[in-house]
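Peer 1: Handing over start08.csv, CSV, C-alpha atoms.
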chain,number,residue,atom,x,y,z
F,1,MET,CA,1.2,12.7,12.9
F,2,LYS,CA,-2.4,12.2,11.8
F,3,MET,CA,-3.0,9.9,8.8
F,4,THR,CA,-6.2,8.7,7.2
F,5,VAL,CA,-6.2,5.6,5.1
F,6,ILE,CA,-9.0,5.0,2.7
F,7,GLY,CA,-8.8,1.4,1.5
F,8,SER,CA,-9.1,-2.3,1.8
F,9,ILE,CA,-9.3,-4.8,4.7
F,10,ASN,CA,-8.7,-8.4,4.0
F,11,ILE,CA,-8.0,-11.8,5.6
F,12,ASP,CA,-5.1,-13.5,3.9
F,13,VAL,CA,-5.1,-17.3,3.5
F,14,VAL,CA,-1.5,-18.2,2.9
F,15,TYR,CA,-0.1,-21.4,1.5
F,16,ASP,CA,3.7,-22.2,1.7
F,17,VAL,CA,4.6,-23.9,-1.6
F,18,PRO,CA,7.9,-25.0,-3.2
F,19,TYR,CA,7.2,-22.8,-6.2
F,20,ILE,CA,4.3,-20.8,-7.6
F,21,VAL,CA,1.9,-23.4,-9.2
F,22,LYS,CA,1.6,-23.5,-13.0
F,23,PRO,CA,-1.7,-23.7,-15.0
F,24,GLY,CA,-3.2,-27.2,-14.8
F,25,GLU,CA,-0.7,-28.3,-12.1
F,26,THR,CA,-1.4,-29.6,-8.6
F,27,ILE,CA,1.3,-29.3,-5.9
F,28,HIS,CA,1.5,-29.9,-2.2
F,29,SER,CA,1.6,-27.1,0.3
F,30,THR,CA,4.2,-27.4,3.1
F,31,GLY,CA,2.3,-25.1,5.5
F,32,TYR,CA,-0.9,-23.0,5.9
F,33,GLN,CA,-2.0,-20.0,7.9
F,34,THR,CA,-4.5,-17.2,7.9
F,35,SER,CA,-3.4,-13.7,8.7
F,36,PHE,CA,-4.6,-10.1,8.4
F,37,GLY,CA,-4.1,-8.2,5.2
F,38,GLY,CA,-5.5,-5.8,2.6
F,39,LYS,CA,-3.3,-3.1,1.2
F,40,GLY,CA,-5.0,-0.4,3.2
F,41,ALA,CA,-4.9,-2.3,6.5
F,42,ASN,CA,-1.3,-3.2,6.0
F,43,GLN,CA,-0.3,0.4,5.4
F,44,ALA,CA,-2.3,1.6,8.4
F,45,VAL,CA,-0.7,-1.0,10.7
F,46,THR,CA,2.7,0.1,9.5
F,47,MET,CA,2.0,3.7,10.1
F,48,SER,CA,0.5,3.1,13.5
F,49,GLN,CA,3.5,1.1,14.6
F,50,LEU,CA,5.8,3.9,13.5
F,51,GLY,CA,4.0,6.5,15.7
F,52,ALA,CA,1.2,7.9,13.6
F,53,GLN,CA,-2.4,8.4,14.7
F,54,VAL,CA,-4.4,6.6,12.1
F,55,ASP,CA,-8.1,6.8,11.0
F,56,PHE,CA,-9.4,4.1,8.7
F,57,VAL,CA,-12.1,4.5,6.1
F,58,GLY,CA,-13.3,1.1,4.8
F,59,CYS,CA,-15.6,-1.8,5.1
F,60,VAL,CA,-15.6,-5.4,6.5
F,61,GLY,CA,-18.1,-8.2,6.2
F,62,GLN,CA,-20.8,-9.2,8.6
F,63,ASP,CA,-18.9,-12.4,9.4
F,64,ASP,CA,-16.3,-13.7,11.8
F,65,PHE,CA,-13.5,-12.6,9.5
F,66,GLY,CA,-14.9,-9.0,9.8
F,67,LYS,CA,-15.0,-9.1,13.6
F,68,ARG,CA,-11.4,-10.4,13.7
F,69,ALA,CA,-10.2,-7.8,11.3
F,70,LEU,CA,-11.8,-4.9,13.3
F,71,THR,CA,-10.3,-6.2,16.5
F,72,ASN,CA,-6.9,-6.4,14.9
F,73,LEU,CA,-7.1,-2.8,13.7
F,74,ARG,CA,-8.1,-1.7,17.2
F,75,ASP,CA,-5.3,-3.7,18.8
F,76,TYR,CA,-3.0,-1.4,16.7
F,77,HIS,CA,-4.8,1.7,18.1
F,78,ILE,CA,-6.3,2.5,14.6
F,79,SER,CA,-9.6,4.3,14.7
F,80,THR,CA,-12.4,2.2,13.0
F,81,GLN,CA,-15.1,4.9,13.4
F,82,HIS,CA,-15.4,5.0,9.7
F,83,VAL,CA,-15.3,1.3,9.0
F,84,SER,CA,-18.7,0.0,8.0
F,85,GLU,CA,-20.0,-3.6,7.9
F,86,ALA,CA,-21.6,-5.2,4.8
F,87,GLY,CA,-21.5,-8.5,2.9
F,88,VAL,CA,-18.5,-10.8,3.2
F,89,THR,CA,-15.0,-9.7,4.3
F,90,GLY,CA,-12.5,-9.4,1.5
F,91,ASN,CA,-9.9,-12.1,1.4
F,92,ALA,CA,-6.9,-13.2,-0.5
F,93,LEU,CA,-5.5,-16.6,-1.5
F,94,ILE,CA,-1.7,-16.3,-1.4
F,95,GLN,CA,1.0,-18.7,-2.5
F,96,VAL,CA,4.5,-18.0,-1.0
F,97,SER,CA,7.4,-19.9,-2.6
F,98,GLU,CA,10.6,-21.1,-1.0
F,99,THR,CA,12.4,-18.1,-2.5
F,100,GLY,CA,9.9,-15.7,-1.0
F,101,GLU,CA,8.0,-14.9,-4.2
F,102,ASN,CA,4.2,-14.7,-4.0
F,103,ALA,CA,1.1,-15.0,-6.2
F,104,ILE,CA,-2.2,-13.6,-5.0
F,105,VAL,CA,-5.9,-14.2,-5.9
F,106,LEU,CA,-8.0,-11.4,-4.4
F,107,MET,CA,-11.7,-11.5,-3.6
F,108,ASN,CA,-12.8,-7.9,-3.0
F,109,GLY,CA,-15.9,-8.7,-0.9
F,110,ALA,CA,-16.9,-5.9,1.5
F,111,ASN,CA,-14.1,-3.6,0.1
F,112,TYR,CA,-16.5,-2.9,-2.8
F,113,HIS,CA,-19.0,-1.5,-0.3
F,114,VAL,CA,-16.7,1.4,0.3
F,115,THR,CA,-18.8,4.0,-1.7
F,116,PRO,CA,-18.1,7.6,-2.5
F,117,ASP,CA,-20.8,8.5,0.0
F,118,SER,CA,-19.1,6.6,2.8
F,119,VAL,CA,-15.8,8.4,1.9
F,120,LYS,CA,-17.5,11.8,2.1
F,121,GLU,CA,-19.1,10.9,5.4
F,122,ALA,CA,-15.5,10.6,6.7
F,123,LYS,CA,-14.7,14.2,5.6
F,124,ASP,CA,-13.6,15.3,9.1
F,125,ALA,CA,-11.0,12.5,9.3
F,126,ILE,CA,-9.7,13.4,5.8
F,127,VAL,CA,-9.6,17.2,6.3
F,128,ASP,CA,-7.8,16.9,9.7
F,129,ALA,CA,-5.1,14.5,8.4
F,130,ASP,CA,-1.5,15.4,7.7
F,131,ALA,CA,-1.7,12.9,4.8
F,132,VAL,CA,-4.2,10.7,3.1
F,133,VAL,CA,-3.1,7.3,1.8
F,134,MET,CA,-5.0,5.3,-0.8
F,135,GLN,CA,-4.7,2.3,-3.0
F,136,LEU,CA,-7.0,0.7,-5.7
F,137,GLU,CA,-8.6,-2.2,-3.9
F,138,ILE,CA,-11.8,-0.3,-3.5
F,139,PRO,CA,-14.1,1.1,-6.3
F,140,LEU,CA,-12.3,3.7,-8.4
F,141,GLU,CA,-15.1,6.2,-7.9
F,142,SER,CA,-14.5,6.0,-4.2
F,143,VAL,CA,-10.8,6.6,-4.7
F,144,VAL,CA,-11.7,9.6,-6.8
F,145,ALA,CA,-14.0,10.9,-4.1
F,146,GLY,CA,-11.2,10.6,-1.5
F,147,ILE,CA,-8.5,12.3,-3.6
F,148,GLU,CA,-10.8,15.1,-4.6
F,149,LEU,CA,-11.9,15.8,-1.0
F,150,ALA,CA,-8.2,15.8,0.1
F,151,ALA,CA,-7.1,18.0,-2.7
F,152,GLU,CA,-9.9,20.5,-2.1
F,153,ASN,CA,-8.6,20.9,1.5
F,154,ASN,CA,-4.9,20.9,0.7
F,155,VAL,CA,-4.2,17.5,2.3
F,156,PRO,CA,-1.3,15.6,0.6
F,157,VAL,CA,-2.4,12.4,-1.2
F,158,ILE,CA,-0.1,9.4,-1.4
F,159,LEU,CA,-1.6,6.9,-3.9
F,160,ASN,CA,-0.3,3.4,-4.3
F,161,PRO,CA,-1.8,2.5,-7.7
F,162,ALA,CA,-2.3,-1.2,-7.1
F,163,PRO,CA,-3.8,-3.4,-8.4
F,164,ALA,CA,-2.6,-1.8,-11.7
F,165,GLN,CA,-5.1,0.1,-13.8
F,166,LYS,CA,-5.2,3.2,-16.0
F,167,LEU,CA,-6.0,6.5,-14.3
F,168,SER,CA,-7.1,9.7,-15.8
F,169,ASN,CA,-4.8,12.7,-16.1
F,170,SER,CA,-7.3,14.8,-14.1
F,171,LEU,CA,-7.0,12.4,-11.2
F,172,LEU,CA,-3.2,12.0,-11.4
F,173,ALA,CA,-2.9,15.8,-11.3
F,174,LYS,CA,-4.4,15.7,-7.8
F,175,VAL,CA,-1.9,13.1,-6.5
F,176,ASP,CA,1.1,14.4,-4.5
F,177,ILE,CA,3.1,11.2,-4.4
F,178,LEU,CA,2.4,8.2,-6.7
F,179,THR,CA,4.1,4.9,-5.8
F,180,PRO,CA,3.9,2.4,-8.6
F,181,ASN,CA,6.0,-0.8,-9.0
F,182,GLU,CA,7.3,-1.6,-12.5
F,183,THR,CA,4.1,-3.4,-13.6
F,184,GLU,CA,1.9,-0.5,-12.4
F,185,LEU,CA,4.2,2.0,-14.0
F,186,ALA,CA,3.8,0.2,-17.4
F,187,THR,CA,0.0,0.2,-17.0
F,188,LEU,CA,-0.2,3.8,-16.1
F,189,THR,CA,1.9,5.1,-18.9
F,190,GLY,CA,1.4,2.4,-21.6
F,191,MET,CA,5.2,2.2,-21.9
F,192,GLU,CA,7.4,-0.9,-21.8
F,193,ILE,CA,9.4,-0.9,-18.6
F,194,ASN,CA,12.6,-3.0,-18.9
F,195,THR,CA,15.5,-0.7,-18.4
F,196,LYS,CA,16.5,2.2,-16.1
F,197,GLU,CA,16.1,4.5,-19.0
F,198,SER,CA,12.5,3.4,-19.6
F,199,ILE,CA,11.7,3.9,-15.9
F,200,ILE,CA,13.0,7.4,-16.0
F,201,ALA,CA,11.1,8.2,-19.2
F,202,ALA,CA,7.8,6.7,-17.8
F,203,CYS,CA,8.2,8.8,-14.6
F,204,ASP,CA,8.8,12.0,-16.6
F,205,SER,CA,5.6,11.2,-18.5
F,206,LEU,CA,3.7,11.0,-15.3
F,207,LEU,CA,5.1,14.3,-14.1
F,208,GLU,CA,3.9,15.8,-17.4
F,209,GLN,CA,0.4,14.5,-16.6
F,210,GLY,CA,0.5,16.5,-13.4
F,211,VAL,CA,1.8,14.1,-10.7
F,212,THR,CA,3.9,16.1,-8.2
F,213,CYS,CA,6.3,13.2,-7.4
F,214,VAL,CA,6.8,9.6,-8.4
F,215,VAL,CA,8.5,6.9,-6.3
F,216,VAL,CA,8.9,3.6,-8.2
F,217,THR,CA,9.4,0.5,-6.0
F,218,LEU,CA,11.8,-2.0,-7.6
F,219,GLY,CA,11.9,-4.8,-5.0
F,220,GLU,CA,15.5,-5.9,-4.3
F,221,GLN,CA,16.7,-3.3,-6.8
F,222,GLY,CA,15.5,-0.5,-4.5
F,223,ALA,CA,13.6,2.5,-5.7
F,224,TYR,CA,13.7,5.4,-8.2
F,225,PHE,CA,12.2,8.8,-7.4
F,226,THR,CA,11.7,12.1,-9.2
F,227,ASP,CA,9.7,15.3,-8.6
F,228,GLY,CA,11.1,17.2,-11.6
F,229,LYS,CA,13.7,19.0,-9.5
F,230,GLU,CA,15.5,16.1,-7.8
F,231,SER,CA,15.7,12.5,-8.9
F,232,GLY,CA,17.8,9.4,-8.1
F,233,TRP,CA,18.1,5.8,-7.1
F,234,VAL,CA,17.9,4.5,-3.6
F,235,ALA,CA,19.3,1.1,-2.8
F,236,ALA,CA,17.3,-1.6,-1.1
F,237,THR,CA,18.2,-3.0,2.2
F,238,LYS,CA,20.0,-6.3,1.6
F,239,VAL,CA,18.1,-9.1,3.5
F,240,LYS,CA,17.2,-12.8,2.9
F,241,ALA,CA,13.5,-12.6,1.9
F,242,LEU,CA,11.2,-15.1,3.6
F,243,ASP,CA,7.9,-13.6,2.4
F,244,THR,CA,7.5,-10.6,0.2
F,245,THR,CA,3.7,-10.2,0.9
F,246,GLY,CA,3.0,-6.8,2.2
F,247,ALA,CA,6.5,-5.4,1.5
F,248,GLY,CA,5.1,-2.7,-0.8
F,249,ASP,CA,2.5,-1.7,1.7
F,250,ALA,CA,5.1,-1.4,4.5
F,251,PHE,CA,7.1,0.8,2.2
F,252,ASN,CA,4.2,3.1,1.5
F,253,GLY,CA,3.3,3.4,5.1
F,254,ALA,CA,6.8,4.1,6.2
F,255,LEU,CA,7.4,6.6,3.3
F,256,THR,CA,4.3,8.5,4.4
F,257,VAL,CA,5.5,8.6,8.1
F,258,GLY,CA,9.0,9.7,7.0
F,259,LEU,CA,7.7,12.5,4.9
F,260,CYS,CA,5.4,13.7,7.8
F,261,LYS,CA,8.5,13.6,10.0
F,262,LYS,CA,9.9,16.2,7.5
F,263,TYR,CA,12.6,13.8,6.2
F,264,SER,CA,14.0,14.7,2.8
F,265,LEU,CA,12.4,12.6,0.0
F,266,ARG,CA,15.6,10.5,-0.3
F,267,LYS,CA,15.8,9.9,3.4
F,268,ALA,CA,12.1,9.0,3.6
F,269,ILE,CA,12.6,6.4,0.8
F,270,ASP,CA,15.7,5.0,2.6
F,271,TYR,CA,13.6,4.8,5.8
F,272,ALA,CA,10.8,3.0,3.9
F,273,SER,CA,13.2,0.6,2.3
F,274,LYS,CA,14.6,-0.4,5.7
F,275,VAL,CA,11.1,-1.0,7.1
F,276,ALA,CA,10.1,-3.0,4.0
F,277,GLY,CA,13.3,-5.0,4.3
F,278,HIS,CA,12.4,-6.0,7.8
F,279,VAL,CA,8.9,-7.0,6.8
F,280,VAL,CA,10.1,-9.5,4.1
F,281,THR,CA,12.2,-11.4,6.7
F,282,GLN,CA,9.0,-12.3,8.5
F,283,LYS,CA,5.9,-14.3,7.7
F,284,GLY,CA,2.7,-12.4,6.9
F,285,ALA,CA,1.8,-8.9,5.7
F,286,GLN,CA,1.5,-7.3,9.1
F,287,VAL,CA,4.5,-8.0,11.3
F,288,LYS,CA,5.9,-6.3,14.4
F,289,ILE,CA,8.3,-3.5,13.4
F,290,PRO,CA,11.0,-2.6,16.0
F,291,THR,CA,11.1,1.0,17.0
F,292,ASP,CA,14.9,1.2,16.7
F,293,LEU,CA,14.9,-0.2,13.1
F,294,TYR,CA,16.2,3.0,11.5
F,295,PRO,CA,19.6,4.4,12.7
F,296,GLY,CA,18.6,7.8,11.3
F,297,GLU,CA,15.9,8.2,14.0
Rewrite the structure of this file - the entire thing - as structure tokens.
Peer 2:
Amino acid sequence: MKMTVIGSINIDVVYDVPYIVKPGETIHSTGYQTSFGGKGANQAVTMSQLGAQVDFVGCVGQDDFGKRALTNLRDYHISTQHVSEAGVTGNALIQVSETGENAIVLMNGANYHVTPDSVKEAKDAIVDADAVVMQLEIPLESVVAGIELAAENNVPVILNPAPAQKLSNSLLAKVDILTPNETELATLTGMEINTKESIIAACDSLLEQGVTCVVVTLGEQGAYFTDGKESGWVAATKVKALDTTGAGDAFNGALTVGLCKKYSLRKAIDYASKVAGHVVTQKGAQVKIPTDLYPGE
């Protein structure tokens, strides 16, 4: 399996807190750590651990964080040939509550030096891939460049539309699998998402806009999927969440691997759910994933 990830690389600064701080409030942290993150990097690390050969297209800063981030990707056998260096490495300030909820403040930094030209310079890695995985933590014009290049060469595109923003119908029509959460689904469609029926209606709307398949991640409620021919709900793995940071990224990475293994869509989602379920029981966005995690292997 050959995957190319076009996306973000961050360093996460994580504070353990009793609950997510309110406006104007000061609370004490019970613990502190720095760890590797960025939605793109998290997804790449997941896929590499699950057996994929991964190329990364991105940018880190000309600083110590950048050096550490590159070393981390290489330690996971991820190719960094197309990772440039400019400015300051992207970073995220993350609060993790006692219940496992998180709140994140993101500083894009070098991720915004991922330009359309730098994406096009990685054409070989994109064209040769079995799938291209993208998110929205780099400039939108660079996302567009990556999707268009993949689509022109019949390479499947998995787009995790996060952080949430509106996307054009012309862009959505080039996406093979779109993986929003409820908030992102509401932003994409302009619809209020508060019931199962509203999720189904919003997904149908995206199919009408040209998306081939939609997989909505619903946290502990599992996932809903539809491709216009088959649809359904897949239950989440029941676990005690310690830290939900990176769960969606692990889901996306595992979903892509499952599909490239020729799993059915439902089985690939179940596989992804089990991987994400393991990740939330650990601290940090990039955790070790056991090779025997999925009994269907």
Peer 1: May I ask which of the residues F:Glu182, F:Asp130, F:Asp12, F:Glu152 is the closest one to F:Leu106, counting only C-alpha atoms?
Peer 2: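 Residue with the minimum atom-to-atom distance to F:Leu106: F:Asp12.
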Peer 1: Skipping near chain neighbours, those fewer than 2 positions away, what residues fall within 7 Å of stretch 281-287 of chain F using all atoms listed in the file, listed as a VMD selection string?
Peer 2: chain F and resid 35 to 37 42 45 240 to 243 245 to 246 277 to 279 289
Peer 1: Calculated over all atoms listed in the file, which of the candidates F:Glu220, F:Gly51, F:Gly66, F:Ser29 has the smallest distance to F:Lys261?
Peer 2: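 Closest to F:Lys261 of all the choices is F:Gly51.
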Peer 1: Rounded to one decimal place, report the atom CA of F:Thr26-atom CA of F:Gly100 distance in Å.
Peer 2: 19.5 Å
Peer 1: Compile the contact shell of stretch 78-90 of chain F as an MDAnalysis selection string: residues with an atom at most 9 Å away, counting all atoms listed in the file, same-chain residues fewer than 2 positions apart removed.
Peer 2: chainID F and resid 8:12 38 44:45 48 53:66 69:70 72:76 92 106:114 118:119 121:122 125
Peer 1: With a distance cut-off of 8 Å and all atoms listed in the file, select the neighbouring residues of F:Thr189, excluding the residue or stretch itself and same-chain residues fewer than 2 positions from it, and output the selection as a list in words.
Peer 2: Lys166, Leu185, Ala186, Thr187, Met191, Ala202, Ser205 and Leu206 of chain F
Peer 1: Identify, on the basis of all atoms listed in the file, every residue whose closest approach to F:Ile158 does not exceed 7 Å; exclude the query and any residue fewer than 5 positions from it along the same chain; express the result as a list in words.
Peer 2: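 Contacts, in chain order: Val132, Val133, Met134, Val175, Asp176, Ile177 and Leu178 of chain F.
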Peer 1: Counting all atoms listed in the file, I want the residues whose atoms come within 7 Å of (-5.1, 14.0, 7.3) in the file frame, returned as a PyMOL selection string.
Peer 2: chain F and resi 2-4+125-132+155
Peer 1: What's around F:Val144 at 8 Å? Count only C-alpha atoms, leave out sequence neighbours fewer than 3 positions away in its own chain, and write the answer as a VMD selection string.
Peer 2: chain F and resid 116 140 to 141 147 to 148 171
Peer 1: Atom CA of F:Met47 and atom CA of F:Asn252, how far apart in Å?
Peer 2: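 Distance between the two atoms: 8.9 Å.
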Peer 1: Once you add 4 Å to each side, what are the centre and edge lengths of the axis-aligned box holding all listed atoms of stretch 8-13 of chain F? One decimal in Å, as AutoDock Vina command-line options, if you can.
Peer 2:
--center_x -7.2 --center_y -9.8 --center_z 3.7 --size_x 12.2 --size_y 23.0 --size_z 11.8
Peer 1: Considering all atoms listed in the file, state which residue in the set F:Leu265, F:Val5, F:Lys22, F:Gly222 is at the smallest distance from F:Ala103.
Peer 2: F:Lys22
Peer 1: Work out how far apart atom CA of F:Val257 and atom CA of F:Thr71 are and give it in Å to one decimal.
Peer 2: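 Separation of atom CA of F:Val257 and atom CA of F:Thr71: 23.2 Å.
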Peer 1: Using all atoms listed in the file, find all polymer residues with an atom at most 12 Å away from the point (4.8, 15.0, -8.4); report them as a PyMOL selection string.
Peer 2: chain F and resi 156-159+172-179+203-215+225-231+265
Peer 1: How about completing stretch 198-233 of chain F with N, CA and C atoms and giving it to me as a short mmCIF file (atom, residue, chain, number, x, y, z; two decimals), keeping the file's coordinate frame?
Peer 2:
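The result, stored in rebuild_18.cif:
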data_model
loop_
_atom_site.label_atom_id
_atom_site.label_comp_id
_atom_site.auth_asym_id
_atom_site.auth_seq_id
_atom_site.Cartn_x
_atom_site.Cartn_y
_atom_site.Cartn_z
N SER F 198 13.96 3.40 -19.35
CA SER F 198 12.50 3.40 -19.60
C SER F 198 11.77 3.77 -18.29
N ILE F 199 12.31 3.45 -17.12
CA ILE F 199 11.70 3.90 -15.90
C ILE F 199 11.73 5.39 -15.75
N ILE F 200 12.88 5.98 -16.08
CA ILE F 200 13.00 7.40 -16.00
C ILE F 200 12.04 8.11 -16.99
N ALA F 201 11.96 7.58 -18.20
CA ALA F 201 11.10 8.20 -19.20
C ALA F 201 9.61 8.07 -18.79
N ALA F 202 9.22 6.94 -18.22
CA ALA F 202 7.80 6.70 -17.80
C ALA F 202 7.50 7.70 -16.64
N CYS F 203 8.42 7.88 -15.72
CA CYS F 203 8.20 8.80 -14.60
C CYS F 203 8.07 10.24 -15.10
N ASP F 204 8.91 10.61 -16.05
CA ASP F 204 8.80 12.00 -16.60
C ASP F 204 7.46 12.16 -17.29
N SER F 205 6.96 11.10 -17.91
CA SER F 205 5.60 11.20 -18.50
C SER F 205 4.56 11.44 -17.50
N LEU F 206 4.66 10.79 -16.34
CA LEU F 206 3.70 11.00 -15.30
C LEU F 206 3.75 12.41 -14.70
N LEU F 207 4.96 12.94 -14.59
CA LEU F 207 5.10 14.30 -14.10
C LEU F 207 4.42 15.28 -15.11
N GLU F 208 4.55 14.98 -16.39
CA GLU F 208 3.90 15.80 -17.40
C GLU F 208 2.39 15.76 -17.31
N GLN F 209 1.88 14.63 -16.78
CA GLN F 209 0.40 14.50 -16.60
C GLN F 209 -0.06 15.16 -15.33
N GLY F 210 0.86 15.69 -14.54
CA GLY F 210 0.50 16.50 -13.40
C GLY F 210 0.83 15.92 -12.02
N VAL F 211 1.34 14.68 -11.97
CA VAL F 211 1.80 14.10 -10.70
C VAL F 211 2.92 14.94 -10.11
N THR F 212 2.86 15.25 -8.83
CA THR F 212 3.90 16.10 -8.20
C THR F 212 5.20 15.29 -8.03
N CYS F 213 5.09 14.03 -7.64
CA CYS F 213 6.30 13.20 -7.40
C CYS F 213 5.96 11.76 -7.62
N VAL F 214 6.92 11.02 -8.19
CA VAL F 214 6.80 9.60 -8.40
C VAL F 214 7.88 8.84 -7.71
N VAL F 215 7.50 7.80 -6.98
CA VAL F 215 8.50 6.90 -6.30
C VAL F 215 8.17 5.50 -6.84
N VAL F 216 9.08 4.93 -7.61
CA VAL F 216 8.90 3.60 -8.20
C VAL F 216 9.57 2.56 -7.31
N THR F 217 8.80 1.61 -6.81
CA THR F 217 9.40 0.50 -6.00
C THR F 217 9.87 -0.59 -6.92
N LEU F 218 11.10 -1.03 -6.69
CA LEU F 218 11.80 -2.00 -7.60
C LEU F 218 12.23 -3.24 -6.86
N GLY F 219 11.57 -3.58 -5.75
CA GLY F 219 11.90 -4.80 -5.00
C GLY F 219 13.37 -4.74 -4.53
N GLU F 220 14.10 -5.80 -4.77
CA GLU F 220 15.50 -5.90 -4.30
C GLU F 220 16.41 -4.89 -4.98
N GLN F 221 15.91 -4.27 -6.06
CA GLN F 221 16.70 -3.30 -6.80
C GLN F 221 16.51 -1.86 -6.16
N GLY F 222 15.66 -1.73 -5.15
CA GLY F 222 15.50 -0.50 -4.50
C GLY F 222 14.37 0.37 -5.01
N ALA F 223 14.62 1.63 -5.28
CA ALA F 223 13.60 2.50 -5.70
C ALA F 223 14.18 3.66 -6.57
N TYR F 224 13.35 4.21 -7.45
CA TYR F 224 13.70 5.40 -8.20
C TYR F 224 12.69 6.48 -7.88
N PHE F 225 13.14 7.73 -7.75
CA PHE F 225 12.20 8.80 -7.40
C PHE F 225 12.53 10.03 -8.29
N THR F 226 11.49 10.81 -8.52
CA THR F 226 11.70 12.10 -9.20
C THR F 226 10.50 13.00 -8.88
N ASP F 227 10.79 14.29 -8.70
CA ASP F 227 9.70 15.30 -8.60
C ASP F 227 9.94 16.41 -9.56
N GLY F 228 10.79 16.17 -10.56
CA GLY F 228 11.10 17.20 -11.60
C GLY F 228 12.23 18.08 -11.21
N LYS F 229 12.54 18.16 -9.92
CA LYS F 229 13.70 19.00 -9.50
C LYS F 229 14.82 18.09 -9.00
N GLU F 230 14.46 17.04 -8.29
CA GLU F 230 15.50 16.10 -7.80
C GLU F 230 15.03 14.69 -8.22
N SER F 231 15.99 13.87 -8.56
CA SER F 231 15.70 12.50 -8.90
C SER F 231 16.88 11.61 -8.53
N GLY F 232 16.65 10.31 -8.43
CA GLY F 232 17.80 9.40 -8.10
C GLY F 232 17.31 8.02 -7.77
N TRP F 233 18.29 7.19 -7.47
CA TRP F 233 18.10 5.80 -7.10
C TRP F 233 18.45 5.58 -5.69
#
